[in-house]
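Note: the block below is entry_37.txt and it holds compact mmCIF, C-alpha atoms and all ligand atoms.
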```txt
# COMPACT_ATOMS: atom_id res chain seq x y z
CA MET N 1 30.68 -51.41 -2.34
CA ARG N 2 29.53 -51.32 1.26
CA ILE N 3 28.73 -54.70 2.81
CA GLY N 4 28.02 -53.60 6.37
CA SER N 5 29.81 -52.66 9.53
CA LEU N 6 31.37 -54.45 12.50
CA PHE N 7 32.03 -52.81 15.90
CA GLY N 8 30.94 -49.54 14.29
CA ILE N 9 33.62 -49.82 11.58
CA ARG N 10 32.38 -49.51 8.02
CA ILE N 11 33.36 -52.39 5.72
CA ASP N 12 33.63 -51.97 1.96
CA VAL N 13 34.51 -54.54 -0.67
CA ASN N 14 36.25 -53.52 -3.88
CA ALA N 15 34.92 -55.23 -7.02
CA SER N 16 38.31 -56.97 -7.41
CA TRP N 17 37.49 -59.01 -4.30
CA ILE N 18 34.71 -60.83 -6.13
CA PHE N 19 37.40 -62.12 -8.47
CA VAL N 20 39.61 -63.24 -5.55
CA PHE N 21 36.62 -64.86 -3.83
CA ALA N 22 35.65 -66.79 -6.98
CA LEU N 23 39.27 -67.80 -7.65
CA VAL N 24 39.76 -69.20 -4.13
CA ALA N 25 36.41 -71.03 -4.22
CA TRP N 26 37.19 -72.47 -7.68
CA MET N 27 40.66 -73.58 -6.58
CA LEU N 28 39.32 -75.28 -3.43
CA ALA N 29 36.45 -76.96 -5.27
CA ASN N 30 38.80 -78.32 -7.94
CA PRO N 31 38.94 -82.16 -7.69
CA ARG N 32 42.76 -82.05 -7.92
CA GLY N 33 43.02 -79.02 -5.60
CA PRO N 34 44.36 -78.90 -2.05
CA LEU N 35 41.23 -80.55 -0.58
CA GLN N 36 41.72 -83.73 -2.69
CA LEU N 37 38.08 -83.87 -3.71
CA GLU N 38 38.40 -86.48 -6.44
CA GLY N 39 35.26 -88.61 -6.56
CA VAL N 40 33.26 -86.12 -4.47
CA GLY N 41 29.90 -84.89 -5.86
CA THR N 42 29.70 -81.46 -7.50
CA ALA N 43 27.30 -79.97 -4.93
CA GLU N 44 29.56 -80.94 -2.04
CA ARG N 45 32.67 -79.65 -3.84
CA VAL N 46 31.02 -76.29 -4.53
CA ALA N 47 29.81 -76.04 -0.92
CA LEU N 48 33.31 -76.79 0.43
CA GLY N 49 34.85 -74.29 -2.03
CA ILE N 50 32.49 -71.51 -0.97
CA ALA N 51 32.86 -72.32 2.74
CA GLY N 52 36.67 -72.24 2.43
CA SER N 53 36.59 -68.97 0.49
CA LEU N 54 34.28 -67.40 3.10
CA LEU N 55 36.63 -68.44 5.91
CA PHE N 56 39.60 -67.03 3.97
CA PHE N 57 37.65 -63.79 3.46
CA ALA N 58 36.86 -63.72 7.21
CA SER N 59 40.57 -64.24 7.99
CA VAL N 60 41.59 -61.17 5.95
CA LEU N 61 38.78 -59.18 7.56
CA ILE N 62 39.88 -60.19 11.09
CA HIS N 63 43.44 -59.10 10.22
CA GLU N 64 42.15 -55.64 9.20
CA LEU N 65 39.79 -55.41 12.19
CA ALA N 66 42.78 -55.99 14.48
CA HIS N 67 44.52 -52.93 12.95
CA SER N 68 41.36 -50.80 13.12
CA LEU N 69 40.30 -51.72 16.65
CA LEU N 70 43.78 -51.10 18.06
CA ALA N 71 44.03 -47.78 16.20
CA ARG N 72 40.66 -46.72 17.61
CA ALA N 73 41.66 -47.81 21.10
CA ARG N 74 44.71 -45.54 20.74
CA GLY N 75 42.54 -42.56 19.81
CA ILE N 76 42.88 -42.60 16.01
CA PRO N 77 39.45 -42.32 14.35
CA VAL N 78 38.84 -45.14 11.87
CA ARG N 79 37.09 -44.33 8.60
CA GLY N 80 36.62 -47.93 7.51
CA ILE N 81 38.05 -51.09 6.04
CA THR N 82 38.21 -51.84 2.32
CA LEU N 83 38.96 -55.31 1.04
CA PHE N 84 40.58 -55.39 -2.38
CA ILE N 85 42.61 -57.74 -4.55
CA PHE N 86 45.75 -57.85 -2.39
CA GLY N 87 43.90 -58.17 0.90
CA GLY N 88 42.63 -55.19 2.79
CA VAL N 89 43.35 -51.67 3.92
CA SER N 90 42.22 -49.90 7.06
CA GLN N 91 41.69 -46.19 6.58
CA PHE N 92 42.43 -43.92 9.51
CA GLU N 93 41.61 -40.25 9.94
CA GLY N 94 45.04 -39.57 11.36
CA GLU N 95 48.42 -41.07 12.06
CA ALA N 96 50.01 -42.68 15.09
CA GLN N 97 51.48 -39.92 17.23
CA ASP N 98 54.50 -41.95 18.35
CA ALA N 99 56.71 -44.78 17.10
CA PRO N 100 55.53 -47.49 19.55
CA GLY N 101 51.91 -46.71 18.59
CA GLU N 102 52.71 -47.10 14.89
CA ALA N 103 54.64 -50.34 15.51
CA TRP N 104 51.76 -51.90 17.48
CA ILE N 105 48.98 -50.80 15.15
CA SER N 106 50.89 -52.22 12.15
CA GLY N 107 52.34 -55.28 13.84
CA ILE N 108 49.04 -56.51 15.28
CA GLY N 109 47.84 -57.51 11.77
CA PRO N 110 50.51 -60.13 10.98
CA LEU N 111 50.36 -61.31 14.63
CA THR N 112 46.61 -61.85 14.24
CA SER N 113 47.11 -63.79 10.99
CA LEU N 114 49.75 -65.93 12.68
CA LEU N 115 47.36 -66.63 15.55
CA LEU N 116 44.60 -67.55 13.06
CA GLY N 117 47.10 -69.89 11.37
CA VAL N 118 47.63 -71.63 14.71
CA VAL N 119 43.88 -71.80 15.44
CA PHE N 120 43.12 -73.35 12.03
CA TYR N 121 45.97 -75.79 12.50
CA GLY N 122 44.42 -76.81 15.83
CA LEU N 123 41.05 -77.29 14.10
CA ALA N 124 42.76 -79.41 11.42
CA LEU N 125 44.34 -81.62 14.08
CA ALA N 126 41.01 -81.89 15.92
CA SER N 127 39.10 -82.97 12.81
CA GLY N 128 41.80 -85.33 11.53
CA THR N 129 43.66 -84.73 8.27
CA HIS N 130 42.01 -87.50 6.29
CA ASN N 131 38.69 -85.77 5.79
CA HIS N 132 37.81 -82.75 3.67
CA ALA N 133 37.10 -80.38 6.57
CA GLY N 134 40.48 -81.24 8.09
CA LEU N 135 42.22 -80.54 4.78
CA MET N 136 40.35 -77.26 4.46
CA PHE N 137 41.48 -76.13 7.94
CA GLU N 138 45.02 -77.13 7.04
CA TYR N 139 44.79 -75.05 3.87
CA LEU N 140 43.41 -72.03 5.82
CA SER N 141 46.16 -72.41 8.39
CA ALA N 142 48.79 -72.24 5.62
CA ALA N 143 47.01 -69.31 3.93
CA ASN N 144 47.00 -67.28 7.17
CA ILE N 145 50.66 -68.01 7.86
CA ILE N 146 51.55 -66.93 4.30
CA LEU N 147 49.48 -63.77 4.85
CA ALA N 148 51.42 -63.08 8.07
CA VAL N 149 54.81 -63.65 6.40
CA PHE N 150 53.96 -61.60 3.31
CA ASN N 151 52.66 -58.69 5.38
CA ILE N 152 55.72 -58.57 7.63
CA LEU N 153 58.03 -57.95 4.61
CA PRO N 154 59.65 -54.58 5.35
CA ALA N 155 58.17 -52.89 2.26
CA TYR N 156 55.85 -49.91 2.32
CA PRO N 157 52.84 -49.99 2.38
CA LEU N 158 52.83 -53.49 3.89
CA ASP N 159 52.57 -53.82 7.68
CA GLY N 160 56.24 -54.77 7.93
CA GLY N 161 57.18 -51.54 6.13
CA ARG N 162 55.25 -49.57 8.74
CA VAL N 163 56.91 -51.48 11.59
CA LEU N 164 60.33 -50.70 10.02
CA HIS N 165 59.22 -47.05 9.75
CA ALA N 166 58.40 -47.01 13.47
CA VAL N 167 61.77 -48.59 14.37
CA VAL N 168 63.79 -46.09 12.27
CA TRP N 169 61.64 -43.24 13.60
CA ARG N 170 62.40 -44.35 17.16
CA ILE N 171 66.14 -44.68 16.50
CA THR N 172 66.70 -41.47 14.50
CA GLY N 173 63.93 -39.37 16.02
CA SER N 174 62.99 -38.21 12.51
CA ARG N 175 59.76 -39.25 10.88
CA ARG N 176 60.94 -37.96 7.49
CA ARG N 177 64.17 -39.94 7.56
CA ALA N 178 62.19 -43.03 8.59
CA THR N 179 59.99 -42.60 5.50
CA LEU N 180 63.02 -42.26 3.21
CA VAL N 181 64.62 -45.43 4.63
CA THR N 182 61.37 -47.38 4.44
CA VAL N 183 60.56 -46.27 0.92
CA THR N 184 64.08 -47.23 -0.23
CA ALA N 185 63.84 -50.66 1.44
CA GLY N 186 60.39 -51.11 -0.10
CA ARG N 187 61.71 -50.28 -3.58
CA ALA N 188 64.55 -52.79 -3.20
CA ILE N 189 62.13 -55.53 -2.13
CA ALA N 190 59.67 -54.63 -4.91
CA ALA N 191 62.50 -54.78 -7.49
CA LEU N 192 63.61 -58.18 -6.14
CA MET N 193 60.02 -59.45 -6.33
CA ILE N 194 59.69 -58.27 -9.93
CA ALA N 195 63.00 -59.88 -10.93
CA PHE N 196 62.11 -63.12 -9.12
CA GLY N 197 58.62 -63.08 -10.64
CA ILE N 198 60.00 -62.71 -14.17
CA VAL N 199 62.46 -65.58 -13.70
CA GLU N 200 59.70 -67.72 -12.17
CA THR N 201 57.35 -66.90 -15.08
CA LEU N 202 59.97 -67.91 -17.65
CA THR N 203 61.12 -71.08 -15.89
CA PHE N 204 58.72 -72.83 -13.51
CA ASP N 205 55.35 -71.34 -12.88
CA ALA N 206 53.86 -68.73 -15.25
CA PHE N 207 50.83 -67.88 -13.09
CA GLY N 208 52.65 -67.70 -9.76
CA GLY N 209 55.46 -65.72 -11.36
CA LEU N 210 53.14 -63.17 -12.94
CA TRP N 211 51.34 -62.77 -9.63
CA ILE N 212 54.61 -62.01 -7.80
CA THR N 213 55.63 -59.55 -10.57
CA PHE N 214 52.26 -57.84 -10.26
CA ILE N 215 52.53 -57.50 -6.47
CA GLY N 216 56.10 -56.15 -6.84
CA TRP N 217 54.89 -53.56 -9.33
CA PHE N 218 52.03 -52.59 -7.01
CA LEU N 219 54.47 -52.09 -4.10
CA LEU N 220 56.68 -49.92 -6.29
CA GLN N 221 53.73 -47.65 -7.19
CA ALA N 222 52.46 -47.46 -3.63
CA GLY N 223 55.93 -46.55 -2.32
CA SER N 224 56.23 -43.61 -4.74
CA ALA N 225 52.76 -42.34 -3.82
CA GLU N 226 53.64 -42.55 -0.13
CA GLN N 227 56.86 -40.61 -0.70
CA SER N 228 55.14 -37.76 -2.52
CA SER N 229 52.35 -37.53 0.02
CA VAL N 230 54.98 -37.30 2.78
CA PHE N 231 56.75 -34.55 0.78
CA ILE N 232 53.49 -32.60 0.50
CA ALA N 233 52.57 -33.09 4.15
CA GLY N 234 56.08 -31.96 5.15
CA ALA N 235 55.93 -28.87 2.92
CA LEU N 236 52.49 -27.83 4.22
CA LYS N 237 53.32 -28.31 7.89
CA GLY N 238 53.03 -25.09 9.85
CA HIS N 239 51.13 -23.31 7.07
CA VAL N 240 47.45 -22.34 7.14
CA ALA N 241 44.87 -22.94 4.43
CA GLY N 242 44.57 -19.23 3.59
CA GLU N 243 48.15 -19.20 2.25
CA LEU N 244 47.23 -21.88 -0.31
CA ALA N 245 44.11 -20.15 -1.61
CA ALA N 246 43.79 -18.94 -5.19
CA PRO N 247 44.85 -15.26 -5.63
CA PRO N 248 42.12 -12.55 -5.46
CA GLN N 249 42.18 -11.94 -9.24
CA GLN N 250 40.88 -15.49 -9.71
CA ARG N 251 37.27 -14.62 -8.86
CA LEU N 252 34.23 -13.72 -10.90
CA PRO N 253 31.59 -11.00 -10.41
CA ALA N 254 28.01 -12.29 -10.29
CA ASP N 255 27.22 -10.68 -13.67
CA ALA N 256 29.97 -12.63 -15.52
CA THR N 257 28.83 -14.80 -18.41
CA ALA N 258 29.82 -18.43 -18.92
CA VAL N 259 32.08 -17.33 -21.81
CA ARG N 260 34.02 -14.98 -19.57
CA ALA N 261 34.31 -17.64 -16.83
CA LEU N 262 35.63 -20.19 -19.31
CA SER N 263 38.24 -17.84 -20.76
CA LEU N 264 39.49 -16.92 -17.26
CA MET N 265 39.73 -20.65 -16.37
CA GLN N 266 41.67 -21.38 -19.55
CA ALA N 267 44.02 -18.42 -19.09
CA ASP N 268 44.79 -19.31 -15.45
CA HIS N 269 44.63 -23.12 -15.82
CA VAL N 270 42.07 -23.56 -13.05
CA ARG N 271 38.94 -25.72 -12.96
CA ALA N 272 36.87 -23.77 -10.41
CA LEU N 273 36.28 -20.08 -9.59
CA PRO N 274 34.45 -18.39 -6.73
CA VAL N 275 31.66 -15.96 -7.67
CA PHE N 276 31.16 -12.76 -5.67
CA LEU N 277 28.39 -10.15 -5.67
CA GLY N 278 30.41 -7.18 -4.46
CA ASP N 279 32.12 -8.56 -1.34
CA GLU N 280 29.50 -11.20 -0.76
CA PHE N 281 30.27 -14.81 -1.74
CA SER N 282 27.53 -16.18 -4.00
CA GLY N 283 28.86 -19.59 -5.10
CA VAL N 284 31.42 -21.64 -7.02
CA VAL N 285 31.37 -22.32 -10.76
CA THR N 286 33.39 -25.24 -12.14
CA TYR N 287 34.71 -26.16 -15.57
CA ASP N 288 32.26 -29.09 -15.61
CA ASP N 289 29.32 -26.71 -15.00
CA LEU N 290 30.36 -24.70 -18.08
CA ALA N 291 31.28 -27.67 -20.29
CA ARG N 292 27.66 -28.87 -20.11
CA LEU N 293 26.47 -25.75 -21.95
CA SER N 294 26.51 -25.41 -25.72
CA GLU N 295 28.56 -22.57 -27.23
CA ASP N 296 25.38 -20.57 -27.88
CA GLU N 297 24.16 -21.02 -24.34
CA ARG N 298 27.50 -19.88 -22.89
CA ALA N 299 27.19 -16.44 -24.49
CA ARG N 300 23.81 -15.75 -22.86
CA THR N 301 24.12 -17.66 -19.56
CA TYR N 302 25.32 -15.96 -16.39
CA VAL N 303 27.56 -18.00 -14.08
CA THR N 304 24.99 -17.55 -11.31
CA ALA N 305 22.61 -19.80 -13.27
CA VAL N 306 24.96 -22.83 -13.31
CA MET N 307 27.13 -22.37 -10.21
CA THR N 308 26.85 -24.26 -6.90
CA ARG N 309 25.22 -22.04 -4.28
CA PRO N 310 26.94 -21.36 -0.92
CA ASP N 311 24.91 -23.96 0.99
CA GLY N 312 26.32 -26.67 -1.33
CA VAL N 313 29.95 -25.52 -1.06
CA LEU N 314 32.37 -27.04 1.46
CA THR N 315 33.93 -24.47 3.77
CA ALA N 316 36.85 -24.32 6.17
CA ALA N 317 38.47 -21.57 8.25
CA ALA N 318 41.27 -19.76 6.42
CA GLY N 319 43.32 -20.07 9.62
CA ALA N 320 42.95 -23.88 9.81
CA PRO N 321 46.08 -26.05 9.30
CA ALA N 322 46.72 -26.50 5.55
CA ASN N 323 47.18 -30.29 5.88
CA ASP N 324 43.75 -30.71 7.53
CA VAL N 325 41.96 -28.71 4.83
CA LEU N 326 43.80 -30.57 2.05
CA ALA N 327 42.74 -33.89 3.64
CA GLN N 328 39.14 -32.61 3.69
CA LEU N 329 39.42 -31.75 -0.02
CA ALA N 330 40.98 -35.14 -0.84
CA ARG N 331 38.09 -36.96 0.88
CA SER N 332 35.45 -35.03 -1.06
CA SER N 333 34.71 -34.94 -4.74
CA ALA N 334 34.40 -31.14 -4.63
CA ALA N 335 36.44 -28.89 -6.92
CA GLY N 336 37.39 -26.62 -4.04
CA ILE N 337 36.86 -25.54 -0.45
CA ALA N 338 35.69 -21.99 0.33
CA LEU N 339 37.82 -20.40 3.05
CA THR N 340 36.15 -18.21 5.64
CA ALA N 341 37.58 -15.26 7.55
CA GLN N 342 37.11 -14.92 11.31
CA ASN N 343 33.74 -13.22 10.83
CA GLY N 344 32.50 -16.29 8.91
CA ALA N 345 32.41 -14.58 5.49
CA VAL N 346 33.94 -16.51 2.58
CA GLN N 347 37.03 -14.70 1.32
CA SER N 348 38.74 -17.13 -1.09
CA LEU N 349 38.73 -20.58 -2.65
CA LEU N 350 41.25 -23.37 -2.14
CA THR N 351 41.49 -25.80 -5.07
CA ARG N 352 43.84 -28.62 -6.10
CA GLU N 353 45.37 -26.21 -8.65
CA SER N 354 45.97 -23.48 -6.07
CA VAL N 355 47.71 -26.02 -3.80
CA MET N 356 49.87 -27.29 -6.70
CA HIS N 357 50.72 -23.69 -7.58
CA TRP N 358 51.76 -22.96 -4.01
CA LEU N 359 53.87 -26.14 -3.86
CA ALA N 360 55.57 -25.24 -7.15
CA GLY N 361 56.48 -21.86 -5.62
CA MET N 362 57.89 -23.64 -2.53
CA LYS N 363 60.04 -25.85 -4.75
CA ALA N 364 61.34 -22.80 -6.66
CA VAL N 365 62.28 -21.11 -3.37
CA ALA N 366 63.96 -24.28 -2.10
CA GLY N 367 65.85 -24.55 -5.40
CA ARG N 368 67.24 -21.00 -5.02
CA ASP N 369 68.52 -21.81 -1.55
CA ASP N 370 70.65 -24.75 -2.76
ZN ZN N 401 47.83 -55.58 7.80
```

What does the file become when written as structure tokens?
Amino acid sequence: MRIGSLFGIRIDVNASWIFVFALVAWMLANPRGPLQLEGVGTAERVALGIAGSLLFFASVLIHELAHSLLARARGIPVRGITLFIFGGVSQFEGEAQDAPGEAWISGIGPLTSLLLGVVFYGLALASGTHNHAGLMFEYLSAANIILAVFNILPAYPLDGGRVLHAVVWRITGSRRRATLVTVTAGRAIAALMIAFGIVETLTFDAFGGLWITFIGWFLLQAGSAEQSSVFIAGALKGHVAGELAAPPQQRLPADATAVRALSLMQADHVRALPVFLGDEFSGVVTYDDLARLSEDERARTYVTAVMTRPDGVLTAAAGAPANDVLAQLARSSAAGIALTAQNGAVQSLLTRESVMHWLAGMKAVAGRDD
């Protein structure tokens, strides 16, 4: 859900943030909550709760903006910021090219939160601690300092995990080794958090304990995803998109029927096929295009009637780096990317299945070498 943009950076809010926003507002407006609002009228309590929640929301946003603005200043294009249940993520179109760059871009977030903690503490002192605004600033100061401390934990994909990655990268000179070390450290911390969360749930604080368990579990998942994406990026490095394309037998002539297309897809376990009229590319037909037809219709419908025409198909040069084209595919919802030869004519289709197939072949080759 897009809420706007700041400094030209697109800001999205995940639906889970509405829950966080309401929870923080409800907690602050509670008469026995941190603002000590006993005896205060409902309207004022609700107003203070919403104001506090908005300032908390702004704090998380400023943390993410710090990452994004520094990344952009260092030449990494920024796609946008998304706020979700655990805070926020800044999405970049590339990665830091050196270790100090990665350390700064990641480290600036917790530093910003720490600075916000100090600023809110100053505001609390200035307004005096015995009024509601003062207590709210005190609460926001604590929240920002907790945010800074949590994010500096050396666990991927938290900021601290990325700083650790940069440090190991700098020391060993190997980005891959740095990822392995960071992912392992992240797993250990995630496991500790889960264990601590379970003990906490059973003994002192069920809600707080479950929350810590949940965050630990999330870190565990994110670490595994990071590891496999690094494996894929490493395997594709130095290869071009054309190598990952589906083989030439996985194409349909323009006079193929939907039945024939479906049986070829099922035999080859693919979800999209390019259609050619002679040597000329005429479109892409997907499993979803065919699934919409009834069995009767499939027998008398040509693929050309349901396929996506060339002007609606994403294309890339067959000689382009494989990682770039895969990133383009990941960003889109398309079933495949048509690869063009030097003369601009489409020659093949790259799909998620063709990439998986290629990777499986790489693994088999690597296995034989061992
Ligand atoms: Zn951060």

| task | Name all residues at most 10 Å from Trp26 (chain N) (count all atoms listed in the file; drop same-chain ones fewer than 3 positions away) and give them as a PyMOL selection string. | result | chain N and resi 20-23+29-31+33+45-46+48-50+53

Take the residues from that selection and put them in a file with C-alpha atoms, as a PDB file, in the coordinates of the input.
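Writing the result to again00.pdb gives the following:
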```
ATOM      1  CA  VAL N  20      39.610 -63.240  -5.550  1.00  0.00           C
ATOM      2  CA  PHE N  21      36.620 -64.860  -3.830  1.00  0.00           C
ATOM      3  CA  ALA N  22      35.650 -66.790  -6.980  1.00  0.00           C
ATOM      4  CA  LEU N  23      39.270 -67.800  -7.650  1.00  0.00           C
ATOM      5  CA  ALA N  29      36.450 -76.960  -5.270  1.00  0.00           C
ATOM      6  CA  ASN N  30      38.800 -78.320  -7.940  1.00  0.00           C
ATOM      7  CA  PRO N  31      38.940 -82.160  -7.690  1.00  0.00           C
ATOM      8  CA  GLY N  33      43.020 -79.020  -5.600  1.00  0.00           C
ATOM      9  CA  ARG N  45      32.670 -79.650  -3.840  1.00  0.00           C
ATOM     10  CA  VAL N  46      31.020 -76.290  -4.530  1.00  0.00           C
ATOM     11  CA  LEU N  48      33.310 -76.790   0.430  1.00  0.00           C
ATOM     12  CA  GLY N  49      34.850 -74.290  -2.030  1.00  0.00           C
ATOM     13  CA  ILE N  50      32.490 -71.510  -0.970  1.00  0.00           C
ATOM     14  CA  SER N  53      36.590 -68.970   0.490  1.00  0.00           C
TER      15      SER N  53
END
```

| query | Please, what distance in Å, to one decimal, runs between CA of Gly283 (chain N) and CA of Pro310 (chain N)? | reply |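 Computing the Euclidean distance for CA of Gly283 (chain N) and CA of Pro310 (chain N) yields 4.9 Å.
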
| Distance CA of Ser106 (chain N)-CA of Gln328 (chain N), one decimal place? | 24.4 Å

| said: 12 Å from ligand ZN 401 (chain N) is the threshold here; counting all atoms listed in the file, which polymer residues fall inside it? Answer as a ChimeraX atom specification. | reply: /N:59-68,70,81-83,86-91,103-114,144,147-153,156-163

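Shortest atom-to-atom contact with Ser229 (chain N) among N:Gln249, N:Thr179, N:Thr304, N:Thr203: N:Thr179, counting all atoms listed in the file.
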
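Atom pair CA of Ala241 (chain N) / CA of Val325 (chain N): separated by 6.5 Å.
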
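Among the candidates N:Phe218, N:Phe92, N:Trp17, N:Tyr287, the residue lying nearest to Ala155 (chain N) is N:Phe218 (atoms considered: only C-alpha atoms).
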
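Among N:Asp324, N:Leu55, N:Phe84, N:Met1, the residue with the shortest atom-to-atom distance to Ser16 (chain N), counting all atoms listed in the file, is N:Phe84.
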
Build an axis-aligned box that encloses every atom of region 120-123 of chain N listed in the file, pad it by 3 Å on each side, and report its centre and edge lengths in Å to one decimal, as AutoDock Vina command-line options.
```
--center_x 43.5 --center_y -75.3 --center_z 13.9 --size_x 10.9 --size_y 9.9 --size_z 9.8
```

| said: List as a list in words the residues having at least one atom at most 6 Å from position (35.0, -22.1, -10.1) as given in the file, counting all atoms listed in the file. | reply: Ala272, Leu273, Pro274, Val284, Val285 and Thr286 of chain N

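Using all atoms listed in the file, the protein and nucleic acid residues lying at most 8 Å from the point (58.2, -44.9, 16.2) are N:Asp98, N:Ala99, N:Pro100, N:Gly101, N:Glu102, N:Ala103, N:His165, N:Ala166, N:Val167, N:Val168, N:Trp169, N:Arg170, N:Ile171, N:Gly173, N:Arg175.
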
| field | Top pick for closest residue to Ile18 (chain N), considering N:Ile76, N:Leu116, N:Leu192, N:Leu54 and counting all atoms listed in the file | value |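 Ranking N:Ile76, N:Leu116, N:Leu192, N:Leu54 by distance to Ile18 (chain N), first place goes to N:Leu54.
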
| Of the listed residues N:Leu252, N:Ala195, N:Val183, N:Ile145, that which approaches Ser224 (chain N) most closely, counting all atoms listed in the file |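 Answer, going by the shortest atom-to-atom distance: N:Val183.
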
| task | For region 348-358 of chain N, work out the shell of residues within 6 Å, counting all atoms listed in the file and skipping chain neighbours fewer than 2 positions away, then give it as a PyMOL selection string. | result | chain N and resi 244-246+336-339+360-361

| query | Got a sec: who's within 10 Å of region 122-128 of chain N, counting only C-alpha atoms, leaving out chain neighbours fewer than 5 positions off, as a list of chain:residue names? | reply | N:Leu116, N:Gly117, N:Ala133, N:Gly134, N:Leu135, N:Met136, N:Phe137, N:Glu138, N:Tyr139, N:Leu140, N:Ser141

| Contacts of Gly344 (chain N) at 10 Å (all atoms listed in the file; same-chain gap of 4+ positions) as an MDAnalysis selection string | chainID N and resid 315:318 339:340

| Nearest to Ala190 (chain N) by atom-to-atom distance, counting all atoms listed in the file, from N:Gly223, N:Gly75, N:Gly319, N:Pro34 | N:Gly223

Residue rebuild result region 178-196 of chain N, N, CA and C atoms as an mmCIF file, keeping the file's coordinate frame:
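Here's the written file selection.cif:
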```cif
data_model
loop_
_atom_site.group_PDB
_atom_site.id
_atom_site.type_symbol
_atom_site.label_atom_id
_atom_site.label_comp_id
_atom_site.auth_asym_id
_atom_site.auth_seq_id
_atom_site.Cartn_x
_atom_site.Cartn_y
_atom_site.Cartn_z
ATOM 1 N N ALA N 178 62.760 -41.683 8.518
ATOM 2 C CA ALA N 178 62.190 -43.030 8.590
ATOM 3 C C ALA N 178 61.451 -43.355 7.291
ATOM 4 N N THR N 179 60.728 -42.362 6.745
ATOM 5 C CA THR N 179 59.990 -42.600 5.500
ATOM 6 C C THR N 179 60.956 -42.860 4.353
ATOM 7 N N LEU N 180 62.048 -42.071 4.289
ATOM 8 C CA LEU N 180 63.020 -42.260 3.210
ATOM 9 C C LEU N 180 63.631 -43.664 3.269
ATOM 10 N N VAL N 181 64.025 -44.097 4.477
ATOM 11 C CA VAL N 181 64.620 -45.430 4.630
ATOM 12 C C VAL N 181 63.627 -46.505 4.227
ATOM 13 N N THR N 182 62.381 -46.354 4.701
ATOM 14 C CA THR N 182 61.370 -47.380 4.440
ATOM 15 C C THR N 182 61.015 -47.453 2.964
ATOM 16 N N VAL N 183 60.901 -46.281 2.339
ATOM 17 C CA VAL N 183 60.560 -46.270 0.920
ATOM 18 C C VAL N 183 61.685 -46.913 0.105
ATOM 19 N N THR N 184 62.940 -46.628 0.482
ATOM 20 C CA THR N 184 64.080 -47.230 -0.230
ATOM 21 C C THR N 184 64.086 -48.748 -0.051
ATOM 22 N N ALA N 185 63.887 -49.207 1.183
ATOM 23 C CA ALA N 185 63.840 -50.660 1.440
ATOM 24 C C ALA N 185 62.697 -51.289 0.648
ATOM 25 N N GLY N 186 61.560 -50.606 0.622
ATOM 26 C CA GLY N 186 60.390 -51.110 -0.100
ATOM 27 C C GLY N 186 60.666 -51.239 -1.587
ATOM 28 N N ARG N 187 61.375 -50.240 -2.153
ATOM 29 C CA ARG N 187 61.710 -50.280 -3.580
ATOM 30 C C ARG N 187 62.620 -51.471 -3.872
ATOM 31 N N ALA N 188 63.608 -51.684 -2.989
ATOM 32 C CA ALA N 188 64.550 -52.790 -3.200
ATOM 33 C C ALA N 188 63.792 -54.119 -3.196
ATOM 34 N N ILE N 189 62.886 -54.282 -2.221
ATOM 35 C CA ILE N 189 62.130 -55.530 -2.130
ATOM 36 C C ILE N 189 61.205 -55.691 -3.336
ATOM 37 N N ALA N 190 60.562 -54.583 -3.742
ATOM 38 C CA ALA N 190 59.670 -54.630 -4.910
ATOM 39 C C ALA N 190 60.465 -55.033 -6.152
ATOM 40 N N ALA N 191 61.669 -54.460 -6.326
ATOM 41 C CA ALA N 191 62.500 -54.780 -7.490
ATOM 42 C C ALA N 191 62.893 -56.257 -7.469
ATOM 43 N N LEU N 192 63.260 -56.759 -6.276
ATOM 44 C CA LEU N 192 63.610 -58.180 -6.140
ATOM 45 C C LEU N 192 62.420 -59.065 -6.510
ATOM 46 N N MET N 193 61.226 -58.662 -6.028
ATOM 47 C CA MET N 193 60.020 -59.450 -6.330
ATOM 48 C C MET N 193 59.755 -59.479 -7.823
ATOM 49 N N ILE N 194 59.926 -58.326 -8.482
ATOM 50 C CA ILE N 194 59.690 -58.270 -9.930
ATOM 51 C C ILE N 194 60.684 -59.166 -10.653
ATOM 52 N N ALA N 195 61.966 -59.068 -10.276
ATOM 53 C CA ALA N 195 63.000 -59.880 -10.930
ATOM 54 C C ALA N 195 62.722 -61.371 -10.710
ATOM 55 N N PHE N 196 62.416 -61.736 -9.452
ATOM 56 C CA PHE N 196 62.110 -63.120 -9.120
ATOM 57 C C PHE N 196 60.882 -63.609 -9.879
#
```
